[in-house]
$ cat query07.txt   # compact mmCIF, C-alpha atoms (C1' of nucleotides)
# COMPACT_ATOMS: atom_id res chain seq x y z
CA MET A 1 0.00 0.00 0.00
CA SER A 2 1.43 3.33 -1.05
CA ILE A 3 0.47 6.90 -0.33
CA ALA A 4 -0.36 7.35 -4.00
CA GLN A 5 -2.72 4.39 -3.88
CA ILE A 6 -4.52 5.92 -0.94
CA GLU A 7 -4.85 9.24 -2.76
CA TYR A 8 -6.13 7.38 -5.80
CA PHE A 9 -8.65 5.49 -3.74
CA VAL A 10 -10.01 8.66 -2.16
CA ALA A 11 -10.33 10.32 -5.55
CA VAL A 12 -12.24 7.37 -7.00
CA ALA A 13 -14.45 7.18 -3.94
CA GLU A 14 -15.27 10.86 -4.20
CA GLU A 15 -15.84 10.87 -7.94
CA ALA A 16 -17.51 7.46 -8.08
CA HIS A 17 -15.95 7.32 -11.51
CA VAL A 18 -12.51 6.09 -12.53
CA GLY A 19 -12.27 8.32 -15.57
CA ARG A 20 -13.09 11.52 -13.73
CA ALA A 21 -10.82 10.57 -10.83
CA ALA A 22 -8.01 9.92 -13.29
CA ARG A 23 -8.45 13.34 -14.85
CA ARG A 24 -8.42 14.94 -11.43
CA LEU A 25 -5.24 13.05 -10.53
CA HIS A 26 -3.59 13.87 -13.87
CA ILE A 27 -3.02 10.27 -14.77
CA SER A 28 -4.84 8.08 -17.26
CA GLN A 29 -7.63 5.67 -16.50
CA PRO A 30 -5.95 2.27 -16.90
CA PRO A 31 -3.19 2.77 -14.32
CA LEU A 32 -5.78 4.08 -11.90
CA THR A 33 -7.97 1.03 -12.41
CA ARG A 34 -4.95 -1.17 -11.77
CA GLN A 35 -3.93 0.61 -8.59
CA ILE A 36 -7.43 0.25 -7.20
CA GLN A 37 -7.34 -3.45 -8.02
CA ARG A 38 -3.98 -3.86 -6.33
CA LEU A 39 -5.25 -2.06 -3.27
CA GLU A 40 -8.27 -4.32 -3.08
CA ASP A 41 -6.02 -7.33 -3.55
CA GLU A 42 -3.70 -6.27 -0.78
CA LEU A 43 -6.55 -5.55 1.61
CA GLY A 44 -8.17 -8.83 0.68
CA ALA A 45 -11.57 -7.32 0.04
CA PRO A 46 -13.30 -5.38 -2.72
CA LEU A 47 -13.86 -1.73 -1.89
CA PHE A 48 -16.12 -0.80 -4.78
CA GLU A 49 -19.05 -2.22 -6.60
CA ARG A 50 -18.61 -1.85 -10.37
CA THR A 51 -21.74 -0.58 -12.01
CA PRO A 52 -22.34 0.38 -15.64
CA ARG A 53 -22.50 4.00 -14.42
CA GLY A 54 -19.28 3.93 -12.46
CA MET A 55 -18.01 2.86 -9.07
CA ARG A 56 -20.02 2.67 -5.89
CA LEU A 57 -18.38 2.36 -2.49
CA LEU A 58 -19.08 -0.87 -0.66
CA PRO A 59 -19.43 -0.80 3.13
CA ALA A 60 -15.84 -2.00 3.47
CA GLY A 61 -14.77 0.81 1.16
CA ALA A 62 -16.60 3.40 3.21
CA ARG A 63 -14.91 2.16 6.34
CA PHE A 64 -11.53 2.28 4.65
CA LEU A 65 -12.22 5.76 3.28
CA ALA A 66 -12.32 7.30 6.72
CA HIS A 67 -8.95 5.80 7.57
CA ALA A 68 -7.53 6.79 4.20
CA ARG A 69 -8.38 10.42 4.82
CA ARG A 70 -6.73 10.31 8.20
CA VAL A 71 -3.58 8.85 6.71
CA LEU A 72 -3.43 11.60 4.10
CA ALA A 73 -4.03 14.24 6.74
CA GLU A 74 -1.13 12.92 8.80
CA VAL A 75 1.11 12.77 5.76
CA ASP A 76 0.25 16.37 5.03
CA ALA A 77 1.01 17.36 8.58
CA ALA A 78 4.33 15.54 8.40
CA ARG A 79 5.20 17.33 5.18
CA ARG A 80 4.35 20.70 6.64
CA CYS A 81 6.15 20.20 9.90
CA LEU A 82 9.47 21.28 8.37
CA GLU A 83 8.24 24.02 6.14
CA PRO A 84 10.05 27.34 6.32
CA LEU A 85 8.10 29.42 8.79
CA PRO A 86 6.74 32.82 7.67
CA SER A 87 8.31 34.63 10.58
CA SER A 88 7.52 34.15 14.26
CA GLN A 89 6.48 30.72 15.35
CA ARG A 90 7.95 28.17 17.66
CA ALA A 91 8.10 24.40 17.61
CA ARG A 92 6.05 22.53 20.18
CA MET B 1 7.52 10.46 0.15
CA SER B 2 6.50 6.84 0.49
CA ILE B 3 5.29 4.77 3.40
CA ALA B 4 8.43 2.67 3.11
CA GLN B 5 10.58 5.78 3.40
CA ILE B 6 8.77 6.76 6.55
CA GLU B 7 9.30 3.30 8.02
CA TYR B 8 12.95 3.50 7.04
CA PHE B 9 13.34 6.88 8.65
CA VAL B 10 11.81 5.70 11.92
CA ALA B 11 14.09 2.66 11.98
CA VAL B 12 17.19 4.77 11.42
CA ALA B 13 16.07 7.28 14.01
CA GLU B 14 15.51 4.54 16.56
CA GLU B 15 18.72 2.66 15.83
CA ALA B 16 20.82 5.77 15.26
CA HIS B 17 22.71 3.53 12.87
CA VAL B 18 22.02 2.86 9.20
CA GLY B 19 23.55 -0.61 9.27
CA ARG B 20 21.51 -1.83 12.21
CA ALA B 21 18.35 -0.24 10.84
CA ALA B 22 18.96 -1.96 7.51
CA ARG B 23 19.28 -5.34 9.22
CA ARG B 24 16.09 -4.71 11.13
CA LEU B 25 14.30 -3.76 7.90
CA HIS B 26 15.73 -6.74 6.01
CA ILE B 27 17.29 -4.61 3.34
CA SER B 28 20.92 -3.69 2.80
CA GLN B 29 22.62 -0.54 3.89
CA PRO B 30 23.13 1.37 0.61
CA PRO B 31 19.48 1.51 -0.46
CA LEU B 32 18.56 2.62 3.03
CA THR B 33 21.12 5.42 2.92
CA ARG B 34 19.70 6.52 -0.40
CA GLN B 35 16.10 6.54 0.78
CA ILE B 36 17.04 8.68 3.75
CA GLN B 37 18.85 11.07 1.43
CA ARG B 38 15.84 11.26 -0.87
CA LEU B 39 13.56 11.93 2.07
CA GLU B 40 15.79 14.75 3.27
CA ASP B 41 15.91 16.12 -0.27
CA GLU B 42 12.15 16.08 -0.61
CA LEU B 43 11.63 17.71 2.76
CA GLY B 44 14.30 20.25 1.95
CA ALA B 45 16.14 19.82 5.22
CA PRO B 46 18.59 17.35 6.73
CA LEU B 47 17.05 15.15 9.41
CA PHE B 48 20.22 13.57 10.76
CA GLU B 49 23.67 14.60 11.69
CA ARG B 50 26.22 12.11 10.35
CA THR B 51 28.77 11.23 12.96
CA PRO B 52 31.61 8.71 12.77
CA ARG B 53 29.59 6.62 15.26
CA GLY B 54 26.35 6.70 13.35
CA MET B 55 23.38 8.97 12.86
CA ARG B 56 22.07 11.50 15.34
CA LEU B 57 18.64 13.08 14.96
CA LEU B 58 18.66 16.80 14.35
CA PRO B 59 15.89 18.93 15.86
CA ALA B 60 14.06 18.91 12.53
CA GLY B 61 14.36 15.12 12.47
CA ALA B 62 12.92 14.80 15.94
CA ARG B 63 9.98 16.93 14.96
CA PHE B 64 9.41 14.86 11.85
CA LEU B 65 9.73 11.62 13.82
CA ALA B 66 6.62 12.34 15.84
CA HIS B 67 4.63 12.89 12.66
CA ALA B 68 6.15 9.84 11.01
CA ARG B 69 4.96 7.61 13.83
CA ARG B 70 1.47 9.01 13.58
CA VAL B 71 1.41 8.33 9.86
CA LEU B 72 2.47 4.74 10.41
CA ALA B 73 -0.10 4.30 13.14
CA GLU B 74 -2.86 5.52 10.83
CA VAL B 75 -1.64 3.28 8.04
CA ASP B 76 -1.76 0.36 10.43
CA ALA B 77 -5.25 1.26 11.51
CA ALA B 78 -6.33 1.51 7.89
CA ARG B 79 -4.86 -1.92 7.15
CA ARG B 80 -6.60 -3.48 10.10
CA CYS B 81 -9.95 -1.89 9.49
CA LEU B 82 -10.90 -4.62 7.00
CA GLU B 83 -9.34 -7.56 8.75
CA PRO B 84 -11.53 -10.60 9.25
CA LEU B 85 -12.95 -10.23 12.73
CA PRO B 86 -12.36 -13.02 15.29
CA SER B 87 -16.02 -13.29 16.14
CA SER B 88 -18.23 -10.62 17.67
CA GLN B 89 -17.35 -7.03 16.94
CA ARG B 90 -19.12 -4.25 15.21
CA ALA B 91 -17.98 -1.42 13.02
CA ARG B 92 -18.10 2.11 14.37
C1' DA C 1 52.10 9.77 14.40
C1' DA C 2 50.82 5.61 11.65
C1' DT C 3 47.47 1.93 11.22
C1' DC C 4 43.24 -0.16 11.70
C1' DC C 5 38.43 -0.41 11.98
C1' DG C 6 33.72 0.97 11.54
C1' DC C 7 30.66 4.20 9.73
C1' DG C 8 27.90 6.33 5.89
C1' DA C 9 28.32 7.45 0.86
C1' DT C 10 28.88 6.27 -3.98
C1' DA C 11 29.06 3.47 -8.48
C1' DC C 12 27.09 0.20 -11.04
C1' DC C 13 23.70 -3.39 -12.28
C1' DC C 14 19.41 -5.93 -12.46
C1' DA C 15 14.53 -6.70 -11.39
C1' DA C 16 10.12 -4.88 -10.14
C1' DA C 17 6.68 -1.16 -10.24
C1' DC C 18 4.41 2.61 -12.59
C1' DG C 19 2.27 5.17 -16.17
C1' DG C 20 0.85 5.70 -21.14
C1' DT C 21 -1.56 4.20 -25.57
C1' DA C 22 -4.50 1.10 -27.83
C1' DT C 23 -8.05 -2.01 -27.42
C1' DT C 24 -11.52 -5.12 -25.48
C1' DG C 25 -15.94 -6.70 -23.16
C1' DG C 26 -20.39 -5.55 -21.02
C1' DC C 27 -24.23 -3.25 -20.00
C1' DC C 28 -27.61 0.23 -20.24
C1' DT C 29 -30.01 3.54 -23.59
C1' DG C 30 -32.31 5.21 -27.38
C1' DC D 1 -30.56 -3.94 -32.19
C1' DA D 2 -27.13 -0.35 -32.57
C1' DG D 3 -24.44 3.19 -30.19
C1' DG D 4 -22.16 4.96 -26.37
C1' DC D 5 -20.03 4.91 -22.02
C1' DC D 6 -17.96 2.50 -18.48
C1' DA D 7 -14.13 -0.36 -16.30
C1' DA D 8 -10.81 -3.93 -17.58
C1' DT D 9 -6.92 -5.90 -20.18
C1' DA D 10 -2.67 -6.17 -23.28
C1' DC D 11 1.45 -4.41 -24.29
C1' DC D 12 5.39 -1.21 -24.02
C1' DG D 13 8.91 2.19 -22.34
C1' DT D 14 10.57 4.47 -18.35
C1' DT D 15 11.40 5.05 -13.71
C1' DT D 16 12.17 3.47 -9.14
C1' DG D 17 14.06 0.29 -5.77
C1' DG D 18 17.21 -3.01 -3.94
C1' DG D 19 21.69 -5.73 -4.17
C1' DT D 20 26.97 -6.16 -4.45
C1' DA D 21 31.30 -4.06 -4.48
C1' DT D 22 33.90 -0.29 -3.19
C1' DC D 23 35.28 4.26 -1.57
C1' DG D 24 36.41 8.16 1.82
C1' DC D 25 36.64 9.74 6.14
C1' DG D 26 36.78 9.99 10.72
C1' DG D 27 38.31 8.04 15.80
C1' DA D 28 40.58 4.76 18.31
C1' DT D 29 44.59 1.98 19.41
C1' DT D 30 49.36 1.31 20.08

$ encode --input "query07.txt" --output "structure tokens"
Amino acid sequence: MSIAQIEYFVAVAEEAHVGRAARRLHISQPPLTRQIQRLEDELGAPLFERTPRGMRLLPAGARFLAHARRVLAEVDAARRCLEPLPSSQRAR
Amino acid sequence: MSIAQIEYFVAVAEEAHVGRAARRLHISQPPLTRQIQRLEDELGAPLFERTPRGMRLLPAGARFLAHARRVLAEVDAARRCLEPLPSSQRAR
DNA sequence: AATCCGCGATACCCAAACGGTATTGGCCTG
DNA sequence: CAGGCCAATACCGTTTGGGTATCGCGGATT
């Protein structure tokens, strides 16, 4: 499981559509489909239901989505924790 | 920044020694050195001081370490959130 | 002061992972 | 029953990651 995969998953969950999610992520659809498949494989459970209209989150996917967002939030915080500070601010 | 890099960083921080951390991670020393370098590059700041005895966390590294552990904890939680349940347990 | 030893860093190579283009298969829709 | 839209697959080139061998540089030992 990679950070990119988690970002991809969140995008697909939010768009409910691989093609739109791919455009939003600036990658093409096939790699995105594959990363979602790999993620499902690794987790051992499908996260989406494939419909002719797009992708619908399964209950397992919804549960995972909450965790995925928390992971991304922590990654963001980690990235920012070394950013050059505007001026006056102290570390905790 | 990848999850593996974060795990690598935590191992090096805890061991204060690239060689030992590499053994613990079951990889060899040179790739580990490189991943740490890449992480520092991406973050735009050195995280360790290189000493003849090993690696010592810099203040920036210590700050990042706390975040790194939180990221890994969330990743773990995400992984476990779909695990087959022993018997009786309900989702939140 | 000269030598040795242990550390991280570098050079080079190979295998695995990732993304892109082209195409397929399936299912609703008109 | 034909067209269109969706995800899925096939195939390819490039990039990334890890391994082995080796270097350079300090500190420690005598």

$ interface_residues --input "query07.txt" --of "chain A" --to "chain B" --cutoff "8 Å" --atoms "only C-alpha atoms" --output "count of residues only"
20

$ closest_atom_pairs --input "query07.txt" --of "chain D" --to "chain A" --cutoff "9 Å" --atoms "all atoms listed in the file" --output "tab-separated table"
residue	atom	partner	partner_atom	distance
D:DC5	C1'	A:Arg53	CA	8.0
D:DC6	C1'	A:Pro52	CA	5.6
D:DA7	C1'	A:Thr33	CA	7.4
D:DA8	C1'	A:Thr33	CA	7.7
D:DT9	C1'	A:Pro30	CA	8.9

$ write_last_selection --input "query07.txt" --atoms "C-alpha atoms (C1' of nucleotides)" --output "PDB file, in the frame of the given file"
ATOM      1  C1'  DC D   5     -20.030   4.910 -22.020  1.00  0.00           C
ATOM      2  C1'  DC D   6     -17.960   2.500 -18.480  1.00  0.00           C
ATOM      3  C1'  DA D   7     -14.130  -0.360 -16.300  1.00  0.00           C
ATOM      4  C1'  DA D   8     -10.810  -3.930 -17.580  1.00  0.00           C
ATOM      5  C1'  DT D   9      -6.920  -5.900 -20.180  1.00  0.00           C
TER       6       DT D   9
END

$ closest_atom_pairs --input "query07.txt" --of "chain A" --to "chain C" --cutoff "8 Å" --atoms "all atoms listed in the file" --output "tab-separated table"
residue	atom	partner	partner_atom	distance
A:Ile27	CA	C:DG19	C1'	7.5
A:Ser28	CA	C:DG20	C1'	7.3
A:Pro31	CA	C:DG19	C1'	6.2
A:Pro52	CA	C:DC27	C1'	6.0

$ atom_distance --input "query07.txt" --atom1 "atom CA of A:Arg24" --atom2 "atom CA of A:Ala11"
7.7 Å

$ closest_residue --input "query07.txt" --among "B:Ala22, B:Glu14, B:Tyr8, B:Asp41" --to "B:Leu57" --atoms "only C-alpha atoms"
B:Glu14

$ residues_around --input "query07.txt" --residues "B:Ile36" --least-positions-apart "4" --cutoff "8 Å" --atoms "only C-alpha atoms (C1' of nucleotides)" --output "VMD selection string"
chain B and resid 5 8 to 9 32 40

$ atom_distance --input "query07.txt" --atom1 "atom C1' of D:DC12" --atom2 "atom CA of B:Arg38"
28.3 Å

$ atom_distance --input "query07.txt" --atom1 "atom CA of B:Arg56" --atom2 "atom C1' of D:DC25"
17.3 Å

$ build_atoms --input "query07.txt" --residues "stretch 24-35 of chain B" --atoms "all heavy atoms" --output "CSV table (one decimal), in the frame of the given file"
chain,number,residue,atom,x,y,z
B,24,ARG,N,17.4,-4.6,10.6
B,24,ARG,CA,16.1,-4.7,11.1
B,24,ARG,C,15.0,-4.7,10.0
B,24,ARG,O,14.0,-5.3,10.2
B,24,ARG,CB,15.9,-3.5,12.1
B,24,ARG,CG,14.5,-3.4,12.6
B,24,ARG,CD,14.6,-2.3,13.7
B,24,ARG,NE,13.4,-1.5,13.7
B,24,ARG,CZ,13.2,-0.4,14.5
B,24,ARG,NH1,14.2,0.0,15.3
B,24,ARG,NH2,12.1,0.4,14.4
B,25,LEU,N,15.3,-3.9,9.0
B,25,LEU,CA,14.3,-3.8,7.9
B,25,LEU,C,14.4,-4.8,6.8
B,25,LEU,O,13.6,-4.9,5.9
B,25,LEU,CB,14.5,-2.4,7.2
B,25,LEU,CG,14.1,-1.2,8.1
B,25,LEU,CD1,14.7,0.1,7.5
B,25,LEU,CD2,12.6,-1.1,8.4
B,26,HIS,N,15.5,-5.7,7.0
B,26,HIS,CA,15.7,-6.7,6.0
B,26,HIS,C,16.0,-6.2,4.6
B,26,HIS,O,15.6,-6.7,3.6
B,26,HIS,CB,14.6,-7.8,6.0
B,26,HIS,CG,14.2,-8.4,7.3
B,26,HIS,ND1,13.1,-8.1,8.0
B,26,HIS,CD2,14.9,-9.3,8.0
B,26,HIS,CE1,13.1,-8.7,9.1
B,26,HIS,NE2,14.2,-9.5,9.2
B,27,ILE,N,16.7,-5.1,4.6
B,27,ILE,CA,17.3,-4.6,3.3
B,27,ILE,C,18.8,-4.3,3.6
B,27,ILE,O,19.2,-4.5,4.7
B,27,ILE,CB,16.6,-3.3,2.8
B,27,ILE,CG1,16.8,-2.2,3.8
B,27,ILE,CG2,15.1,-3.6,2.6
B,27,ILE,CD1,16.3,-0.8,3.2
B,28,SER,N,19.5,-3.9,2.6
B,28,SER,CA,20.9,-3.7,2.8
B,28,SER,C,21.2,-2.2,3.0
B,28,SER,O,20.3,-1.4,2.8
B,28,SER,CB,21.7,-4.2,1.6
B,28,SER,OG,21.3,-3.7,0.4
B,29,GLN,N,22.3,-1.9,3.4
B,29,GLN,CA,22.6,-0.5,3.9
B,29,GLN,C,22.5,0.5,2.8
B,29,GLN,O,22.0,1.6,3.0
B,29,GLN,CB,24.0,-0.5,4.6
B,29,GLN,CG,24.5,0.9,5.0
B,29,GLN,CD,25.5,1.4,4.0
B,29,GLN,OE1,26.4,0.7,3.6
B,29,GLN,NE2,25.5,2.7,3.6
B,30,PRO,N,23.1,0.3,1.6
B,30,PRO,CA,23.1,1.4,0.6
B,30,PRO,C,21.8,1.9,0.2
B,30,PRO,O,21.5,3.1,0.2
B,30,PRO,CB,23.9,0.8,-0.6
B,30,PRO,CG,24.8,-0.3,0.1
B,30,PRO,CD,24.0,-0.9,1.2
B,31,PRO,N,20.8,1.0,-0.1
B,31,PRO,CA,19.5,1.5,-0.5
B,31,PRO,C,18.9,2.3,0.7
B,31,PRO,O,18.2,3.3,0.4
B,31,PRO,CB,18.6,0.2,-0.7
B,31,PRO,CG,19.6,-0.8,-1.0
B,31,PRO,CD,20.9,-0.5,-0.3
B,32,LEU,N,19.1,1.9,1.9
B,32,LEU,CA,18.6,2.6,3.0
B,32,LEU,C,19.2,4.0,3.1
B,32,LEU,O,18.4,5.0,3.3
B,32,LEU,CB,18.8,1.8,4.3
B,32,LEU,CG,18.2,2.5,5.6
B,32,LEU,CD1,16.8,2.8,5.4
B,32,LEU,CD2,18.5,1.5,6.8
B,33,THR,N,20.5,4.1,3.0
B,33,THR,CA,21.1,5.4,2.9
B,33,THR,C,20.5,6.3,1.9
B,33,THR,O,20.2,7.5,2.1
B,33,THR,CB,22.6,5.2,2.6
B,33,THR,OG1,23.2,4.6,3.8
B,33,THR,CG2,23.3,6.6,2.4
B,34,ARG,N,20.3,5.7,0.7
B,34,ARG,CA,19.7,6.5,-0.4
B,34,ARG,C,18.3,7.0,-0.1
B,34,ARG,O,17.9,8.1,-0.4
B,34,ARG,CB,19.7,5.7,-1.7
B,34,ARG,CG,20.9,5.9,-2.5
B,34,ARG,CD,20.9,5.1,-3.8
B,34,ARG,NE,21.2,3.7,-3.6
B,34,ARG,CZ,20.6,2.7,-4.1
B,34,ARG,NH1,19.6,2.9,-4.9
B,34,ARG,NH2,21.0,1.5,-3.9
B,35,GLN,N,17.5,6.1,0.5
B,35,GLN,CA,16.1,6.5,0.8
B,35,GLN,C,16.1,7.7,1.8
B,35,GLN,O,15.3,8.6,1.7
B,35,GLN,CB,15.3,5.3,1.3
B,35,GLN,CG,15.0,4.3,0.2
B,35,GLN,CD,14.3,4.9,-1.0
B,35,GLN,OE1,13.5,5.7,-0.9
B,35,GLN,NE2,14.6,4.4,-2.2
